[in-house]
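S.K.: query.txt (compact mmCIF, C-alpha atoms and all ligand atoms) pasted underneath:
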# COMPACT_ATOMS: atom_id res chain seq x y z
CA MET S 992 0.00 0.00 0.00
CA ASN S 993 1.37 3.33 -1.06
CA PHE S 994 0.86 6.36 1.18
CA ASN S 995 3.43 8.54 -0.55
CA ASP S 996 1.01 10.47 -2.71
CA THR S 997 -1.11 11.74 0.16
CA VAL S 998 -2.33 15.31 -0.16
CA PHE S 999 -4.14 17.64 2.19
CA PHE S 1000 -7.82 17.58 1.30
CA THR S 1001 -9.75 19.78 3.70
CA SER S 1002 -10.18 20.93 7.28
CA TYR S 1003 -13.44 21.45 9.21
CA GLY S 1004 -14.02 23.22 12.49
CA GLU S 1005 -17.78 22.79 12.62
CA LYS S 1006 -20.07 19.83 12.29
CA LYS S 1007 -22.27 21.47 9.66
CA GLN S 1008 -19.30 21.58 7.25
CA LEU S 1009 -19.05 17.78 7.20
CA LYS S 1010 -20.09 16.26 3.93
CA LYS S 1011 -21.23 12.71 3.29
CA SER S 1012 -18.57 10.43 1.88
CA ASN S 1013 -18.41 6.87 0.63
CA CYS S 1014 -14.65 6.81 0.47
CA LYS S 1015 -12.91 4.47 2.93
CA GLU S 1016 -11.59 6.39 5.90
CA ILE S 1017 -8.83 5.65 8.41
CA VAL S 1018 -9.40 7.71 11.53
CA PHE S 1019 -6.65 8.80 13.94
CA SER S 1020 -7.71 9.53 17.49
CA GLY S 1021 -5.95 10.33 20.74
CA ARG S 1022 -5.38 12.92 23.40
CA SER S 1023 -3.77 16.20 22.54
CA ASN S 1024 0.02 16.02 22.11
CA VAL S 1025 0.07 12.21 22.02
CA GLY S 1026 1.93 12.26 18.68
CA LYS S 1027 -0.97 11.86 16.25
CA SER S 1028 0.27 14.30 13.61
CA SER S 1029 3.80 12.89 13.85
CA LEU S 1030 2.44 9.39 13.29
CA ILE S 1031 0.47 10.51 10.23
CA ASN S 1032 3.54 12.22 8.80
CA LYS S 1033 5.61 9.08 9.37
CA LEU S 1034 2.98 6.96 7.68
CA ILE S 1035 2.79 9.13 4.59
CA ASN S 1036 6.53 9.71 4.56
CA ARG S 1037 6.31 13.48 4.78
CA LYS S 1038 8.03 15.86 7.15
CA SER S 1039 5.15 18.13 7.96
CA LEU S 1040 1.99 17.65 5.95
CA ALA S 1041 0.14 17.11 9.24
CA ARG S 1042 1.13 19.95 11.53
CA VAL S 1043 3.20 18.88 14.53
CA SER S 1044 2.73 21.15 17.50
CA SER S 1045 4.94 21.79 20.49
CA LYS S 1046 1.96 23.26 22.32
CA PRO S 1047 -0.82 20.86 23.26
CA GLY S 1048 -4.47 21.67 22.60
CA LYS S 1049 -3.86 23.54 19.40
CA THR S 1050 -5.61 21.68 16.60
CA CYS S 1051 -9.36 21.98 16.98
CA THR S 1052 -10.32 20.97 13.48
CA ILE S 1053 -10.85 17.64 11.75
CA ASN S 1054 -8.26 17.40 9.00
CA PHE S 1055 -8.75 15.17 5.97
CA TYR S 1056 -5.91 13.84 3.82
CA ASN S 1057 -6.46 12.05 0.55
CA VAL S 1058 -4.31 9.02 -0.24
CA ALA S 1059 -4.82 9.46 -3.97
CA SER S 1060 -3.55 6.14 -5.33
CA GLU S 1061 -5.55 4.10 -2.82
CA ASP S 1062 -8.80 6.10 -2.99
CA MET S 1063 -8.73 6.39 0.77
CA ILE S 1064 -8.98 9.26 3.27
CA LEU S 1065 -6.93 9.73 6.44
CA VAL S 1066 -8.88 11.59 9.12
CA ASP S 1067 -6.97 13.47 11.81
CA LEU S 1068 -9.42 14.07 14.66
CA PRO S 1069 -8.71 16.97 17.03
CA GLY S 1070 -6.89 15.81 20.17
CA TYR S 1071 -8.88 15.59 23.41
CA GLY S 1072 -8.14 15.90 27.08
CA TYR S 1073 -6.07 19.05 27.27
CA ALA S 1074 -7.04 20.60 30.60
CA LYS S 1075 -6.37 24.22 29.71
CA VAL S 1076 -8.86 24.30 26.85
CA PRO S 1077 -11.87 26.51 27.75
CA GLU S 1078 -15.17 24.72 28.36
CA LYS S 1079 -16.69 26.23 25.23
CA GLU S 1080 -13.92 24.71 23.10
CA LYS S 1081 -14.41 21.31 24.75
CA LEU S 1082 -18.09 21.43 23.81
CA ARG S 1083 -17.16 22.36 20.26
CA TRP S 1084 -14.76 19.41 20.19
CA ALA S 1085 -17.46 17.00 21.37
CA ASP S 1086 -19.99 18.39 18.89
CA LEU S 1087 -17.52 18.14 16.01
CA VAL S 1088 -16.29 14.62 16.81
CA GLU S 1089 -19.79 13.27 17.51
CA GLY S 1090 -20.97 14.97 14.33
CA TYR S 1091 -18.22 13.18 12.46
CA PHE S 1092 -19.09 9.72 13.81
CA ASN S 1093 -22.82 10.36 13.35
CA SER S 1094 -22.57 11.40 9.72
CA ALA S 1095 -22.95 8.63 7.16
CA ARG S 1096 -19.39 7.46 6.61
CA ASN S 1097 -17.36 4.51 5.50
CA ILE S 1098 -14.92 4.05 8.40
CA ALA S 1099 -12.54 1.16 7.73
CA LEU S 1100 -10.41 1.52 10.86
CA VAL S 1101 -9.85 3.77 13.87
CA VAL S 1102 -6.23 4.07 15.00
CA GLN S 1103 -6.46 4.92 18.70
CA ILE S 1104 -3.15 6.35 19.88
CA ILE S 1105 -1.81 6.21 23.44
CA ASP S 1106 1.56 7.34 24.81
CA ILE S 1107 3.42 4.13 25.74
CA ARG S 1108 4.74 5.83 28.89
CA HIS S 1109 1.37 6.65 30.44
CA LYS S 1110 -1.59 4.62 31.55
CA PRO S 1111 -4.76 5.35 29.55
CA THR S 1112 -6.64 8.45 30.75
CA ALA S 1113 -10.38 8.51 31.51
CA ASP S 1114 -10.83 10.21 28.12
CA ASP S 1115 -8.92 7.37 26.40
CA ILE S 1116 -11.15 4.79 28.10
CA ASN S 1117 -14.29 6.76 27.13
CA MET S 1118 -13.14 6.93 23.56
CA ILE S 1119 -12.42 3.18 23.39
CA ASN S 1120 -15.79 2.40 24.98
CA PHE S 1121 -17.43 4.58 22.35
CA LEU S 1122 -15.61 2.71 19.56
CA ILE S 1123 -16.71 -0.63 21.03
CA GLU S 1124 -20.35 0.57 21.39
CA ARG S 1125 -20.37 1.73 17.80
CA LYS S 1126 -18.84 -1.57 16.68
CA LEU S 1127 -16.08 0.30 14.90
CA LYS S 1128 -12.96 -1.64 14.00
CA PHE S 1129 -10.01 -0.20 15.87
CA ILE S 1130 -6.40 -0.82 16.85
CA ILE S 1131 -4.36 0.64 19.70
CA VAL S 1132 -1.02 2.17 18.83
CA LEU S 1133 1.41 2.85 21.67
CA THR S 1134 3.59 5.66 20.47
CA LYS S 1135 6.83 7.39 21.54
CA SER S 1136 8.48 3.99 22.21
CA ASP S 1137 11.89 5.55 21.48
CA LYS S 1138 11.62 7.43 24.77
CA LEU S 1139 12.02 4.22 26.78
CA ASN S 1140 14.91 1.86 27.35
CA LYS S 1141 14.34 -1.91 27.51
CA THR S 1142 13.64 -2.06 31.23
CA GLN S 1143 11.31 0.94 31.17
CA ARG S 1144 9.47 -0.48 28.17
CA LYS S 1145 8.81 -3.74 29.97
CA LYS S 1146 7.57 -1.90 33.03
CA CYS S 1147 5.30 0.40 31.01
CA LEU S 1148 3.80 -2.47 29.02
CA ASN S 1149 3.05 -4.36 32.24
CA ASN S 1150 1.44 -1.26 33.76
CA LEU S 1151 -0.61 -0.71 30.65
CA LYS S 1152 -1.90 -4.26 30.65
CA ILE S 1153 -2.92 -3.92 34.29
CA ASN S 1154 -4.63 -0.58 33.70
CA PHE S 1155 -6.32 -1.47 30.46
CA PRO S 1156 -9.91 -2.52 31.17
CA PHE S 1157 -10.43 -4.29 27.85
CA GLU S 1158 -9.62 -7.81 26.76
CA ASN S 1159 -8.25 -9.24 23.54
CA ILE S 1160 -6.85 -6.00 22.23
CA ASN S 1161 -3.64 -6.00 20.30
CA PHE S 1162 -1.15 -3.20 20.65
CA ILE S 1163 1.20 -1.91 18.01
CA ILE S 1164 4.32 -0.44 19.56
CA PHE S 1165 5.29 2.59 17.53
CA SER S 1166 7.73 5.48 17.28
CA SER S 1167 7.60 8.36 14.83
CA SER S 1168 11.26 8.99 15.58
CA SER S 1169 12.72 5.52 15.10
CA GLY S 1170 10.08 4.13 12.73
CA GLU S 1171 9.41 1.17 15.00
CA GLY S 1172 5.99 -0.37 14.23
CA LEU S 1173 5.52 1.45 10.94
CA GLU S 1174 5.24 -1.74 8.91
CA ASN S 1175 2.79 -3.25 11.42
CA LEU S 1176 0.64 -0.13 11.27
CA LYS S 1177 0.64 -0.14 7.47
CA ALA S 1178 -0.31 -3.84 7.45
CA ALA S 1179 -3.22 -3.21 9.85
CA ILE S 1180 -4.51 -0.37 7.66
CA GLU S 1181 -4.09 -2.41 4.51
CA SER S 1182 -5.99 -5.39 5.89
CA SER S 1183 -8.82 -3.13 7.13
CA VAL S 1184 -9.40 -1.49 3.74
CA LYS S 1185 -9.27 -4.80 1.89
CA GLN S 1186 -12.10 -6.27 3.97
N1 LIG W 1 10.49 11.16 20.88
C1 LIG W 1 9.32 11.20 20.23
N2 LIG W 1 8.62 12.37 20.19
C2 LIG W 1 7.43 12.38 19.53
C3 LIG W 1 6.91 11.21 18.89
N3 LIG W 1 5.72 11.53 18.33
C4 LIG W 1 5.51 12.84 18.61
N4 LIG W 1 6.51 13.37 19.33
C5 LIG W 1 6.62 14.76 19.84
O1 LIG W 1 5.46 15.02 20.64
C6 LIG W 1 4.97 16.35 20.43
C7 LIG W 1 3.52 16.33 19.95
O2 LIG W 1 3.48 15.71 18.69
P1 LIG W 1 2.26 15.91 17.66
O3 LIG W 1 2.49 14.95 16.56
O4 LIG W 1 2.06 17.35 17.33
O5 LIG W 1 1.03 15.42 18.58
P2 LIG W 1 -0.55 15.59 18.35
O6 LIG W 1 -0.98 16.78 19.17
O7 LIG W 1 -1.12 14.32 18.91
O8 LIG W 1 -0.80 15.74 16.89
C8 LIG W 1 5.93 16.99 19.42
O9 LIG W 1 6.90 17.71 20.15
C9 LIG W 1 6.56 15.79 18.70
O10 LIG W 1 7.83 16.05 18.20
C10 LIG W 1 7.70 9.98 18.95
O11 LIG W 1 7.33 8.91 18.45
N5 LIG W 1 8.88 10.05 19.63
MG MG W 2 -1.87 17.15 15.80
Show me this structure written as C-alpha cells.
M.R.:
Amino acid sequence: MNFNDTVFFTSYGEKKQLKKSNCKEIVFSGRSNVGKSSLINKLINRKSLARVSSKPGKTCTINFYNVASEDMILVDLPGYGYAKVPEKEKLRWADLVEGYFNSARNIALVVQIIDIRHKPTADDINMINFLIERKLKFIIVLTKSDKLNKTQRKKCLNNLKINFPFENINFIIFSSSSGEGLENLKAAIESSVKQ
C-alpha cells in the first residue's frame, strides 16, 4: 500500500461543514500532544503535511488527507483531554467529533493512539468504549516507544496491561522517531481497507 502520494484535502471546524462520503476512511484519534500528527507524517513519509505542535491543545479541526492512489482518506481528529482548553472549546470538540461519527461514513479503521509511557486516561477509556459501542474496527497504537529503554518499556507495558480494562486488544508499539511499528501499522490499515 502506497501512502506517498497523500495530499491535504480539507479541514473542518464545525459539524455542519461535514459532507457525506463513501470513500474508505482511516481515523486517527488520541489525546492532545500524544503524537498523532507525527504518526500521520511518518505513515505518509512526509516531514510536515500534518502539523506537529509543540503546544498541546492547538488543533481543533478535523483534517482530511487524501491518499490518492488508494482512494482512501486519512482523518486526523482533534486531540482531546487538554485541561487548559476553555469549556466552550471542549463542547465544540465533542460536537464536532460526535458529528463526524454520526454522519454517514465509511470508516474502515480507527487508529487509537496512546503514549506508551502513560496509563490510559479517563478520556482514552471513554473513547475506546465509544468505539466498542459503535462496533467500529479499531487498533491501539502505543507511540513514543523511542523514549524508553528496555527495562522501562517492559515496566510500562506491564502497567498498561494492568490498567487497560479491555480484553483481547492487540497493541502496536510505535515510534515516529525511530520508525518502530511502521510496517505493522501499514499492514493493519491495509488489511482493514481490503475487507
Ligand atoms: N520522541 C518522540 N517524540 C514524539 C513522537 N511523536 C511525537 N513526538 C513529539 O510530541 C509532540 C507532539 O506531537 P504531535 O504529533 O504534534 O502530537 P498531536 O498533538 O497528537 O498531533 C511533538 O513535540 C513531537 O515532536 C515519537 O514517536 N517520539
Ligand atoms: Mg496534531
S.K.: What does the structure give for the distance between CA of Lys1038 (chain S) and CA of Ile1105 (chain S), in Å to one decimal?
M.R.: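 CA of Lys1038 (chain S) sits 21.3 Å away from CA of Ile1105 (chain S).
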S.K.: I'd like to know which of S:Ala1113, S:Val1076, S:Val998, S:Leu1173 is closest to Asn1057 (chain S), using all atoms listed in the file.
M.R.: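 Of S:Ala1113, S:Val1076, S:Val998, S:Leu1173, the one nearest Asn1057 (chain S), counting all atoms listed in the file, is S:Val998.
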S.K.: For a test of reading the model, state the distance in Å between CA of Ser1094 (chain S) and CA of Lys1011 (chain S), rounded to one decimal.
M.R.: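 Spanning CA of Ser1094 (chain S) to CA of Lys1011 (chain S) is a straight-line distance of 6.7 Å.
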S.K.: Of the candidates S:Phe1000, S:Phe994, S:Phe1129, S:Phe1019, which shows the shortest atom-to-atom distance to ligand MG 2 (chain W), using only C-alpha atoms and all ligand atoms?
M.R.: S:Phe1019
S.K.: Would you mind telling me which residue in S:Ile1164, S:Val1058, S:Ile1035, S:Met1063 lies nearest to ligand LIG 1 (chain W) when using all atoms listed in the file?
M.R.: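 Under the stated criterion, the closest residue is S:Ile1164.
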S.K.: Please report the interatomic distance between CA of Leu1034 (chain S) and CA of Asn993 (chain S) in Å with one decimal.
M.R.: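 Value for the CA of Leu1034 (chain S)-CA of Asn993 (chain S) distance: 9.6 Å.
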S.K.: Give me, as a PyMOL selection string, all polymer residues having an atom no more than 12 Å from Glu1089 (chain S), counting only C-alpha atoms and skipping those fewer than 5 positions away in the same chain.
M.R.: chain S and resi 1005-1007+1009+1053+1068-1069+1082-1084+1094-1095+1118+1121-1122+1125
S.K.: Those same residues - C-alpha atoms - I'd like them written as a PDB file, in the frame of the given file.
M.R.:
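The file below, out-v1.pdb, is the result:
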ATOM      1  CA  GLU S1005     -17.780  22.790  12.620  1.00  0.00           C
ATOM      2  CA  LYS S1006     -20.070  19.830  12.290  1.00  0.00           C
ATOM      3  CA  LYS S1007     -22.270  21.470   9.660  1.00  0.00           C
ATOM      4  CA  LEU S1009     -19.050  17.780   7.200  1.00  0.00           C
ATOM      5  CA  ILE S1053     -10.850  17.640  11.750  1.00  0.00           C
ATOM      6  CA  LEU S1068      -9.420  14.070  14.660  1.00  0.00           C
ATOM      7  CA  PRO S1069      -8.710  16.970  17.030  1.00  0.00           C
ATOM      8  CA  LEU S1082     -18.090  21.430  23.810  1.00  0.00           C
ATOM      9  CA  ARG S1083     -17.160  22.360  20.260  1.00  0.00           C
ATOM     10  CA  TRP S1084     -14.760  19.410  20.190  1.00  0.00           C
ATOM     11  CA  SER S1094     -22.570  11.400   9.720  1.00  0.00           C
ATOM     12  CA  ALA S1095     -22.950   8.630   7.160  1.00  0.00           C
ATOM     13  CA  MET S1118     -13.140   6.930  23.560  1.00  0.00           C
ATOM     14  CA  PHE S1121     -17.430   4.580  22.350  1.00  0.00           C
ATOM     15  CA  LEU S1122     -15.610   2.710  19.560  1.00  0.00           C
ATOM     16  CA  ARG S1125     -20.370   1.730  17.800  1.00  0.00           C
TER      17      ARG S1125
END
S.K.: Of the residues S:Lys1135, S:Lys1110, S:Lys1128, S:Lys1141, which is the one nearest to ligand LIG 1 (chain W), using all atoms listed in the file?
M.R.: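 Result for the nearest residue to ligand LIG 1 (chain W): S:Lys1135.
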S.K.: Kindly write region 1133-1155 of chain S with C-alpha atoms to a file, as a compact mmCIF listing (two decimals), in the first residue's frame.
M.R.:
# COMPACT_ATOMS: atom_id res chain seq x y z
CA LEU S 1133 1.41 2.85 21.67
CA THR S 1134 3.59 5.66 20.47
CA LYS S 1135 6.83 7.39 21.54
CA SER S 1136 8.48 3.99 22.21
CA ASP S 1137 11.89 5.55 21.48
CA LYS S 1138 11.62 7.43 24.77
CA LEU S 1139 12.02 4.22 26.78
CA ASN S 1140 14.91 1.86 27.35
CA LYS S 1141 14.34 -1.91 27.51
CA THR S 1142 13.64 -2.06 31.23
CA GLN S 1143 11.31 0.94 31.17
CA ARG S 1144 9.47 -0.48 28.17
CA LYS S 1145 8.81 -3.74 29.97
CA LYS S 1146 7.57 -1.90 33.03
CA CYS S 1147 5.30 0.40 31.01
CA LEU S 1148 3.80 -2.47 29.02
CA ASN S 1149 3.05 -4.36 32.24
CA ASN S 1150 1.44 -1.26 33.76
CA LEU S 1151 -0.61 -0.71 30.65
CA LYS S 1152 -1.90 -4.26 30.65
CA ILE S 1153 -2.92 -3.92 34.29
CA ASN S 1154 -4.63 -0.58 33.70
CA PHE S 1155 -6.32 -1.47 30.46
